[in-house]
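Undergrad: Below you'll find model00.cif; it's mmCIF, C-alpha atoms (C1' of nucleotides).
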data_work
loop_
_atom_site.label_atom_id
_atom_site.label_comp_id
_atom_site.auth_asym_id
_atom_site.auth_seq_id
_atom_site.Cartn_x
_atom_site.Cartn_y
_atom_site.Cartn_z
CA MET A 1 133.28 82.58 122.53
CA ALA A 2 133.80 79.55 124.72
CA LEU A 3 130.16 78.70 124.36
CA HIS A 4 130.46 79.00 120.63
CA PHE A 5 133.42 76.69 120.63
CA TRP A 6 131.45 74.21 122.68
CA ALA A 7 128.52 74.34 120.32
CA ARG A 8 130.66 73.79 117.27
CA ASN A 9 132.78 70.95 118.62
CA ARG A 10 130.41 69.32 121.06
CA SER A 11 130.50 65.96 119.35
CA VAL A 12 134.28 65.77 119.32
CA LEU A 13 134.57 66.98 122.90
CA ILE A 14 132.11 64.42 124.14
CA TYR A 15 134.04 61.80 122.26
CA GLY A 16 137.24 62.89 123.96
CA ALA A 17 135.60 62.87 127.37
CA SER A 18 134.36 59.37 126.70
CA LEU A 19 137.90 58.30 125.93
CA ALA A 20 139.07 59.76 129.23
CA VAL A 21 136.36 57.88 131.08
CA LEU A 22 137.47 54.76 129.29
CA LEU A 23 141.02 55.18 130.57
CA PHE A 24 139.77 55.44 134.11
CA LEU A 25 137.66 52.38 133.56
CA MET A 26 140.66 50.61 132.16
CA LYS A 27 142.80 51.36 135.21
CA TRP A 28 140.02 50.20 137.43
CA LEU A 29 139.60 47.01 135.45
CA GLU A 30 143.35 46.46 135.52
CA TRP A 31 142.98 46.10 139.23
CA ARG A 32 139.88 43.97 138.90
CA PHE A 33 141.86 41.83 136.54
CA MET A 34 143.81 40.37 139.44
CA ILE A 35 140.64 39.12 141.02
CA ILE A 36 138.55 37.94 138.11
CA ASP A 37 140.93 36.45 135.63
CA HIS A 38 138.70 36.05 132.62
CA ALA A 39 137.15 39.45 132.78
CA VAL A 40 139.12 40.46 129.71
CA GLU A 41 136.44 39.14 127.38
CA LEU A 42 133.75 41.04 129.21
CA TYR A 43 135.98 44.06 129.26
CA ALA A 44 136.60 43.92 125.55
CA GLY A 45 132.93 43.25 124.88
CA ALA A 46 131.90 46.23 126.93
CA ILE A 47 134.35 48.46 125.11
CA ALA A 48 133.14 47.09 121.79
CA ILE A 49 129.52 47.81 122.63
CA ILE A 50 130.26 51.25 124.01
CA PHE A 51 132.37 52.29 121.05
CA THR A 52 130.05 50.84 118.50
CA SER A 53 127.33 52.97 120.03
CA LEU A 54 129.67 55.91 120.10
CA GLY A 55 130.54 55.38 116.46
CA ILE A 56 126.91 55.22 115.49
CA TRP A 57 126.13 58.28 117.53
CA LEU A 58 129.06 60.14 115.98
CA ALA A 59 128.06 59.17 112.48
CA VAL A 60 124.49 60.23 113.02
CA LYS A 61 125.59 63.52 114.53
CA LEU A 62 128.30 64.37 112.08
CA THR A 63 127.12 63.10 108.76
CA ARG A 64 124.74 65.11 106.68
CA PRO A 65 121.53 63.20 106.14
CA LYS A 66 121.50 61.42 102.84
CA THR A 67 118.82 63.00 100.74
CA ILE A 68 116.95 61.87 97.71
CA ILE A 69 115.37 64.75 95.91
CA ILE A 70 112.19 64.05 94.05
CA GLU A 71 110.75 66.78 91.90
CA ARG A 72 107.04 66.75 91.57
CA GLU A 73 104.96 68.96 89.38
CA VAL A 74 102.00 70.57 91.04
CA LEU A 75 99.21 71.89 88.92
CA VAL A 76 98.15 75.36 89.85
CA LYS A 77 94.98 76.76 88.48
CA SER A 78 94.76 80.19 86.96
CA ASP A 79 91.38 81.63 86.14
CA ASP A 80 91.93 84.10 83.31
CA PHE A 81 94.69 83.82 80.82
CA VAL A 82 98.04 85.32 81.64
CA LEU A 83 100.97 84.31 79.54
CA ASN A 84 103.33 82.08 81.44
CA GLU A 85 106.42 84.05 80.53
CA PRO A 86 108.96 82.09 82.58
CA GLU A 87 107.85 78.92 80.87
CA LEU A 88 107.95 80.63 77.51
CA GLY A 89 111.47 81.78 78.22
CA ARG A 90 112.45 78.37 79.43
CA LEU A 91 111.21 76.70 76.25
CA GLY A 92 112.71 79.40 74.06
CA LEU A 93 109.84 79.73 71.61
CA SER A 94 110.39 82.61 69.19
CA LYS A 95 107.80 85.24 68.26
CA ARG A 96 107.03 83.66 64.93
CA GLU A 97 106.79 80.21 66.43
CA MET A 98 104.25 81.52 68.92
CA GLU A 99 102.19 83.02 66.09
CA VAL A 100 102.16 79.70 64.29
CA LEU A 101 101.26 77.91 67.50
CA GLN A 102 98.32 80.23 68.10
CA LEU A 103 96.94 79.79 64.60
CA MET A 104 97.45 76.07 64.97
CA ALA A 105 95.36 76.18 68.12
CA GLU A 106 92.57 77.85 66.15
CA GLY A 107 92.44 74.80 63.95
CA LEU A 108 94.07 76.22 60.86
CA SER A 109 95.93 73.96 58.47
CA ASN A 110 99.56 74.64 57.65
CA HIS A 111 98.45 75.96 54.28
CA GLN A 112 95.99 78.37 55.85
CA ILE A 113 98.61 79.57 58.31
CA ALA A 114 101.03 80.13 55.45
CA ASP A 115 98.46 82.24 53.64
CA ARG A 116 97.61 84.15 56.79
CA LEU A 117 101.24 85.01 57.48
CA PHE A 118 102.16 85.56 53.82
CA VAL A 119 104.90 82.97 53.85
CA SER A 120 105.34 79.62 52.15
CA LEU A 121 103.98 76.31 53.32
CA ASN A 122 107.53 75.05 53.83
CA THR A 123 108.27 77.91 56.16
CA ILE A 124 105.28 76.99 58.30
CA LYS A 125 106.41 73.40 58.32
CA THR A 126 109.80 74.48 59.57
CA HIS A 127 108.25 76.66 62.26
CA SER A 128 105.84 73.99 63.40
CA SER A 129 108.62 71.42 63.50
CA LYS A 130 110.61 73.70 65.77
CA VAL A 131 107.57 74.25 67.94
CA PHE A 132 107.06 70.50 68.29
CA GLU A 133 110.71 70.05 69.08
CA LYS A 134 110.68 72.70 71.79
CA LEU A 135 107.43 71.43 73.27
CA ASP A 136 108.67 67.87 72.98
CA VAL A 137 105.67 66.57 71.05
CA GLN A 138 105.13 65.10 67.59
CA ARG A 139 101.65 66.24 66.69
CA ARG A 140 100.00 69.65 66.46
CA THR A 141 97.07 68.54 68.59
CA HIS A 142 99.45 67.50 71.33
CA ALA A 143 101.38 70.74 70.97
CA VAL A 144 98.20 72.77 71.33
CA ASP A 145 97.08 70.82 74.37
CA LYS A 146 100.45 71.16 76.04
CA ALA A 147 100.74 74.85 75.23
CA ARG A 148 97.29 75.40 76.74
CA LYS A 149 98.22 73.56 79.89
CA LEU A 150 101.38 75.61 80.18
CA SER A 151 99.39 78.82 79.66
CA LEU A 152 101.35 79.68 76.56
CA ILE A 153 98.11 80.23 74.69
CA PRO A 154 94.57 80.96 75.97
CA MET B 1 116.73 32.91 98.43
CA ALA B 2 120.08 32.67 100.20
CA LEU B 3 121.39 35.45 98.02
CA HIS B 4 118.41 37.55 98.84
CA PHE B 5 118.98 37.01 102.54
CA TRP B 6 122.59 38.03 102.11
CA ALA B 7 121.65 41.17 100.22
CA ARG B 8 119.12 42.19 102.83
CA ASN B 9 121.26 41.50 105.92
CA ARG B 10 124.71 42.12 104.60
CA SER B 11 125.51 44.83 107.10
CA VAL B 12 124.46 42.76 110.09
CA LEU B 13 126.31 39.68 108.84
CA ILE B 14 129.51 41.60 108.30
CA TYR B 15 129.12 43.01 111.76
CA GLY B 16 128.78 39.50 113.19
CA ALA B 17 131.83 38.31 111.29
CA SER B 18 133.79 41.23 112.66
CA LEU B 19 132.83 40.21 116.18
CA ALA B 20 134.09 36.68 115.52
CA VAL B 21 137.38 38.06 114.24
CA LEU B 22 137.61 40.13 117.38
CA LEU B 23 137.30 37.04 119.57
CA PHE B 24 140.20 35.41 117.78
CA LEU B 25 142.18 38.57 118.18
CA MET B 26 141.31 38.56 121.83
CA LYS B 27 142.55 35.01 122.36
CA TRP B 28 145.74 35.82 120.56
CA LEU B 29 146.24 38.94 122.63
CA GLU B 30 145.50 36.97 125.76
CA TRP B 31 148.62 35.02 125.00
CA ARG B 32 150.60 38.09 124.08
CA PHE B 33 149.48 39.51 127.37
CA MET B 34 151.88 37.23 129.23
CA ILE B 35 154.81 38.73 127.40
CA ILE B 36 153.99 42.40 127.21
CA ASP B 37 152.28 43.21 130.40
CA HIS B 38 150.83 46.60 129.71
CA ALA B 39 149.42 45.80 126.33
CA VAL B 40 145.92 46.05 127.74
CA GLU B 41 145.78 49.76 127.03
CA LEU B 42 146.79 49.21 123.44
CA TYR B 43 144.40 46.32 123.25
CA ALA B 44 141.49 48.37 124.52
CA GLY B 45 142.45 51.30 122.33
CA ALA B 46 142.53 49.09 119.26
CA ILE B 47 139.11 47.68 120.06
CA ALA B 48 137.80 51.17 120.66
CA ILE B 49 139.08 52.40 117.32
CA ILE B 50 137.88 49.34 115.45
CA PHE B 51 134.43 49.46 116.94
CA THR B 52 134.08 53.18 116.58
CA SER B 53 134.80 52.69 112.90
CA LEU B 54 132.39 49.79 112.78
CA GLY B 55 129.72 51.89 114.43
CA ILE B 56 130.22 54.71 111.99
CA TRP B 57 130.19 52.31 109.10
CA LEU B 58 127.03 50.66 110.41
CA ALA B 59 125.31 53.98 110.90
CA VAL B 60 126.19 55.12 107.39
CA LYS B 61 125.03 51.83 105.91
CA LEU B 62 121.86 51.51 107.86
CA THR B 63 120.46 55.01 107.92
CA ARG B 64 117.66 55.46 105.52
CA PRO B 65 118.18 58.31 103.09
CA LYS B 66 115.83 61.15 103.72
CA THR B 67 113.66 62.01 100.76
CA ILE B 68 112.88 65.57 99.97
CA ILE B 69 110.09 66.29 97.58
CA ILE B 70 110.45 69.53 95.73
CA GLU B 71 107.25 70.75 94.22
CA ARG B 72 107.44 72.70 91.02
CA GLU B 73 104.42 74.76 90.17
CA VAL B 74 102.94 74.37 86.75
CA LEU B 75 100.19 76.67 85.66
CA VAL B 76 97.15 75.02 84.27
CA LYS B 77 93.88 76.30 82.97
CA SER B 78 91.07 76.34 85.48
CA ASP B 79 88.39 73.80 84.85
CA ASP B 80 85.11 75.27 85.85
CA PHE B 81 83.80 73.20 83.01
CA VAL B 82 80.14 72.48 82.52
CA LEU B 83 79.09 70.46 79.52
CA ASN B 84 76.91 72.34 77.09
CA GLU B 85 74.27 69.65 76.86
CA PRO B 86 71.78 71.42 74.62
CA GLU B 87 74.54 71.97 72.05
CA LEU B 88 75.63 68.38 72.39
CA GLY B 89 72.08 67.22 71.77
CA ARG B 90 71.72 69.57 68.83
CA LEU B 91 74.85 68.26 67.15
CA GLY B 92 73.94 64.66 67.93
CA LEU B 93 77.39 63.46 68.91
CA SER B 94 77.29 59.91 70.23
CA LYS B 95 78.98 58.71 73.42
CA ARG B 96 81.80 57.06 71.53
CA GLU B 97 82.31 60.04 69.30
CA MET B 98 82.66 62.23 72.38
CA GLU B 99 85.27 59.88 73.80
CA VAL B 100 87.24 60.07 70.60
CA LEU B 101 86.91 63.83 70.55
CA GLN B 102 88.22 64.12 74.09
CA LEU B 103 91.25 61.95 73.40
CA MET B 104 91.82 63.94 70.25
CA ALA B 105 91.87 67.10 72.34
CA GLU B 106 94.56 65.56 74.51
CA GLY B 107 96.74 65.34 71.47
CA LEU B 108 96.59 61.62 70.85
CA SER B 109 97.00 60.22 67.36
CA ASN B 110 94.30 58.03 65.87
CA HIS B 111 96.50 55.04 66.48
CA GLN B 112 96.93 55.92 70.15
CA ILE B 113 93.20 56.45 70.53
CA ALA B 114 92.55 53.08 68.94
CA ASP B 115 94.88 51.42 71.42
CA ARG B 116 93.33 53.29 74.31
CA LEU B 117 89.78 52.26 73.39
CA PHE B 118 90.73 48.73 72.31
CA VAL B 119 89.35 49.11 68.81
CA SER B 120 90.93 49.24 65.37
CA LEU B 121 92.45 52.25 63.72
CA ASN B 122 89.76 52.15 61.06
CA THR B 123 87.08 52.40 63.68
CA ILE B 124 88.65 55.54 65.07
CA LYS B 125 88.87 56.96 61.59
CA THR B 126 85.18 56.34 61.11
CA HIS B 127 84.36 57.95 64.44
CA SER B 128 86.54 60.97 63.83
CA SER B 129 85.09 61.42 60.37
CA LYS B 130 81.63 61.50 61.89
CA VAL B 131 82.77 63.96 64.50
CA PHE B 132 84.16 66.26 61.81
CA GLU B 133 80.98 65.93 59.84
CA LYS B 134 78.81 66.81 62.81
CA LEU B 135 81.03 69.68 63.87
CA ASP B 136 81.33 70.82 60.28
CA VAL B 137 85.10 70.89 60.17
CA GLN B 138 87.75 69.03 58.21
CA ARG B 139 90.64 68.87 60.65
CA ARG B 140 91.02 67.52 64.17
CA THR B 141 92.64 70.72 65.42
CA HIS B 142 89.66 72.69 64.19
CA ALA B 143 87.29 70.18 65.71
CA VAL B 144 89.00 70.47 69.07
CA ASP B 145 88.95 74.25 68.97
CA LYS B 146 85.30 74.35 68.00
CA ALA B 147 84.32 71.78 70.61
CA ARG B 148 86.12 73.81 73.25
CA LYS B 149 84.39 76.99 72.21
CA LEU B 150 81.06 75.19 72.38
CA SER B 151 81.93 73.84 75.84
CA LEU B 152 81.67 70.28 74.68
CA ILE B 153 85.08 69.53 76.16
CA PRO B 154 87.07 71.28 78.94
"C1'" DA C 1 59.94 41.12 66.11
"C1'" DT C 2 61.21 44.81 63.49
"C1'" DT C 3 63.54 48.95 62.96
"C1'" DA C 4 67.03 52.44 63.61
"C1'" DA C 5 70.96 54.16 65.42
"C1'" DA C 6 75.44 53.09 67.11
"C1'" DA C 7 79.60 50.72 66.92
"C1'" DT C 8 82.68 47.96 64.68
"C1'" DC C 9 86.01 47.05 60.78
"C1'" DA C 10 87.97 46.88 55.92
"C1'" DC C 11 89.91 48.79 51.57
"C1'" DC C 12 91.38 52.32 48.62
"C1'" DC C 13 92.86 56.67 47.64
"C1'" DT C 14 94.21 61.58 48.36
"C1'" DA C 15 95.62 65.29 51.26
"C1'" DA C 16 97.93 67.00 54.96
"C1'" DA C 17 101.24 66.72 58.40
"C1'" DG C 18 105.68 65.72 59.98
"C1'" DT C 19 111.00 64.61 59.47
"C1'" DA C 20 115.54 65.51 57.82
"C1'" DT C 21 118.77 68.27 55.71
"C1'" DG C 22 120.75 72.18 53.64
"C1'" DA C 23 120.97 76.90 52.56
"C1'" DG C 24 120.43 82.04 52.06
"C1'" DC C 25 119.25 86.49 54.30
"C1'" DC C 26 119.26 89.82 57.97
"C1'" DA C 27 119.55 92.12 62.31
"C1'" DA C 28 121.27 92.27 66.91
"C1'" DA C 29 124.90 91.05 69.98
"C1'" DA C 30 129.60 90.13 71.31
"C1'" DT D 1 133.82 92.50 62.45
"C1'" DT D 2 132.44 88.12 63.32
"C1'" DT D 3 129.05 85.43 65.31
"C1'" DT D 4 124.61 84.12 66.60
"C1'" DG D 5 119.79 83.37 66.28
"C1'" DG D 6 115.61 84.02 63.89
"C1'" DC D 7 113.16 83.77 59.62
"C1'" DT D 8 112.79 82.28 55.25
"C1'" DC D 9 112.47 78.58 51.59
"C1'" DA D 10 113.45 74.17 49.10
"C1'" DT D 11 113.65 69.15 48.15
"C1'" DA D 12 112.77 64.57 49.29
"C1'" DC D 13 110.70 61.29 51.95
"C1'" DT D 14 107.65 58.95 55.55
"C1'" DT D 15 103.77 58.88 58.34
"C1'" DT D 16 99.32 60.23 59.71
"C1'" DA D 17 94.93 62.07 58.75
"C1'" DG D 18 90.84 62.37 56.18
"C1'" DG D 19 87.20 61.04 52.53
"C1'" DG D 20 84.28 57.65 50.39
"C1'" DT D 21 82.06 53.38 50.34
"C1'" DG D 22 80.33 49.22 52.05
"C1'" DA D 23 79.50 45.67 55.42
"C1'" DT D 24 78.56 43.19 59.91
"C1'" DT D 25 77.23 43.21 64.60
"C1'" DT D 26 75.28 45.25 68.90
"C1'" DT D 27 72.10 47.80 71.29
"C1'" DA D 28 67.94 50.28 72.19
"C1'" DA D 29 63.53 51.56 71.10
"C1'" DT D 30 59.04 50.86 68.92
#
Rewrite the coordinates I just gave you, this time as structure tokens.
TA:
Amino acid sequence: MALHFWARNRSVLIYGASLAVLLFLMKWLEWRFMIIDHAVELYAGAIAIIFTSLGIWLAVKLTRPKTIIIEREVLVKSDDFVLNEPELGRLGLSKREMEVLQLMAEGLSNHQIADRLFVSLNTIKTHSSKVFEKLDVQRRTHAVDKARKLSLIP
Amino acid sequence: MALHFWARNRSVLIYGASLAVLLFLMKWLEWRFMIIDHAVELYAGAIAIIFTSLGIWLAVKLTRPKTIIIEREVLVKSDDFVLNEPELGRLGLSKREMEVLQLMAEGLSNHQIADRLFVSLNTIKTHSSKVFEKLDVQRRTHAVDKARKLSLIP
DNA sequence: ATTAAAATCACCCTAAAGTATGAGCCAAAA
DNA sequence: TTTTGGCTCATACTTTAGGGTGATTTTAAT
């Protein structure tokens, strides 16, 4: 219990002790003062130095280190294809959008995809636009490349 | 130049200025000392407080922020890629055409490829047309897919 | 030196892709 | 029941891609 208290408030306690020591020093210097008249500058200087150090020490001990967080992406290789589901969830690509993306990756035109999925060309355009939006790209080739790198498609 | 020096050593300069102010204060208190005899304790206490603060301030200003790098894993396809040279020879794709094909696979537009290779857009169009011809496709996405399947690109 | 392939660029035109916006339908969730 | 999200489709417009043709300049090989 006492040890715990010591551990938690060590910095403050040491600071207090230092203050006590200072008072002793002061009394001693008060006596010295009679002898060496201009010791007051030295006295003040010493106190300044000591307490500057103390302040620095306190700050270093008590302040949390300032941190700058830098996020860096690390590429991890995966041999055979496994869908990167967390990434898929993060991007929020729907089932249909994934279908379109896959057919895109096979080199089909929007028209061919429309025929394949029995929907209109406009529908495919809408889907692909959403895919580009979610993948943050503006071309199908870029979308395919990015999706591959994210293991969204084989 | 002078401004730069100020910016770089601001903390130290302010610290120096504070010391100068302290000396004035000291001289003033030296006079006060004659009147109020036991002001030395207050005097020392004030210096202690001021310089503790200064020390803390200095420490906060001068400590370098710690940088933490957080690494986020991103899955990427493994590249145990070996160029299918016989196929490349069979199709007769030139060096430049391969370059264009690779940049295409990275999702770049013709314009971007042109900029990258320091040639005109028309040149890239010519190259890509030849690539499509040789790969027997009519779209870049199809060309990329086919080239990948033939191990011409990673 | 001549030839052939490669690389460069231009112009014109069409096709395909992409953007923006709005809207209707339907099923699952709140 | 209302809301939400996904899927569908349309219209209008802009941008990019692709096809065809022709021409000049390097570069490499014969």
Undergrad: Written as a VMD selection string, which residues does the PyMOL selection byres ((chain D and resi 1) around 12) give for the file shown?
TA: (chain C and resid 29 to 30) or (chain D and resid 2 to 3)
Undergrad: Evaluating the PyMOL selection byres ((chain D) within 10 of (chain B)) on the displayed file yields which residues, as a PDB file with C-alpha atoms (C1' of nucleotides), in the frame of the given file?
TA:
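Output (part_21.pdb):
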ATOM      1  C1'  DT D  16      99.320  60.230  59.710  1.00  0.00           C
ATOM      2  C1'  DA D  17      94.930  62.070  58.750  1.00  0.00           C
ATOM      3  C1'  DG D  18      90.840  62.370  56.180  1.00  0.00           C
ATOM      4  C1'  DG D  19      87.200  61.040  52.530  1.00  0.00           C
TER       5       DG D  19
END
Undergrad: Report the closest atom pair, with its distance in Å rounded to one decimal, for each residue of chain B that has an atom no farther than 12 Å from chain C; count all atoms listed in the file, sort by chain and then rising residue number, and write it as a tab-separated table.
TA:
residue	atom	partner	partner_atom	distance
B:Gly92	CA	C:DA5	C1'	11.2
B:Leu93	CA	C:DA6	C1'	10.7
B:Ser94	CA	C:DA6	C1'	7.7
B:Lys95	CA	C:DA6	C1'	9.2
B:Arg96	CA	C:DA7	C1'	8.1
B:Glu97	CA	C:DA7	C1'	10.0
B:Ser109	CA	C:DA17	C1'	11.9
B:Ala114	CA	C:DT8	C1'	11.9
B:Phe118	CA	C:DT8	C1'	11.1
B:Val119	CA	C:DT8	C1'	7.9
B:Ser120	CA	C:DC9	C1'	7.1
B:Leu121	CA	C:DC9	C1'	8.8
B:Asn122	CA	C:DC9	C1'	6.3
B:Thr123	CA	C:DC9	C1'	6.2
B:Ile124	CA	C:DT8	C1'	9.7
B:Lys125	CA	C:DC9	C1'	10.3
B:Thr126	CA	C:DC9	C1'	9.3
B:His127	CA	C:DA7	C1'	9.0
B:Lys130	CA	C:DA6	C1'	11.7
B:Gln138	CA	C:DA16	C1'	10.9
B:Arg139	CA	C:DA16	C1'	9.4
B:Arg140	CA	C:DA16	C1'	11.5
B:Thr141	CA	C:DA17	C1'	11.8
Undergrad: So how many Å separate atom CA of A:Ala48 and atom CA of B:Gly55, to one decimal?
TA: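 So the answer is 9.4 Å.
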Undergrad: Give me, please, the distance in Å between atom CA of A:Leu88 and atom CA of A:Arg116, quoted to one decimal.
TA: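 For atom CA of A:Leu88 relative to atom CA of A:Arg116, the distance reads 23.4 Å.
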Undergrad: Distance atom CA of A:Leu135-atom C1' of D:DA10, one decimal place?
TA: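 So the answer is 25.1 Å.
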Undergrad: Adding 8 Å on each side of the box along x, y and z that holds all listed atoms of stretch 116-132 of chain A, could you give its centre and edge lengths in Å to one decimal, as lines of an AutoDock Vina configuration file?
TA:
center_x = 104.1
center_y = 78.0
center_z = 60.2
size_x = 29.0
size_y = 31.1
size_z = 32.1
Undergrad: If we count only C-alpha atoms (C1' of nucleotides) and set the cut-off at 9 Å, which residues sit around A:Phe51, ignoring sequence neighbours fewer than 6 positions away in its own chain? Please answer as a PyMOL selection string.
TA: chain B and resi 47-55
Undergrad: Would you mind exporting C-alpha atoms of the selected residues as an mmCIF file, in the coordinates of the input?
TA:
data_model
loop_
_atom_site.group_PDB
_atom_site.id
_atom_site.type_symbol
_atom_site.label_atom_id
_atom_site.label_comp_id
_atom_site.auth_asym_id
_atom_site.auth_seq_id
_atom_site.Cartn_x
_atom_site.Cartn_y
_atom_site.Cartn_z
ATOM 1 C CA ILE B 47 139.110 47.680 120.060
ATOM 2 C CA ALA B 48 137.800 51.170 120.660
ATOM 3 C CA ILE B 49 139.080 52.400 117.320
ATOM 4 C CA ILE B 50 137.880 49.340 115.450
ATOM 5 C CA PHE B 51 134.430 49.460 116.940
ATOM 6 C CA THR B 52 134.080 53.180 116.580
ATOM 7 C CA SER B 53 134.800 52.690 112.900
ATOM 8 C CA LEU B 54 132.390 49.790 112.780
ATOM 9 C CA GLY B 55 129.720 51.890 114.430
#
Undergrad: Identify which of the residues A:Gly107, A:Leu152, A:Asp80, A:Val137 lies closest to chain B, counting all atoms listed in the file when measuring atom-to-atom distances.
TA: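 Checking each candidate against chain B, we get A:Gly107 as the closest.
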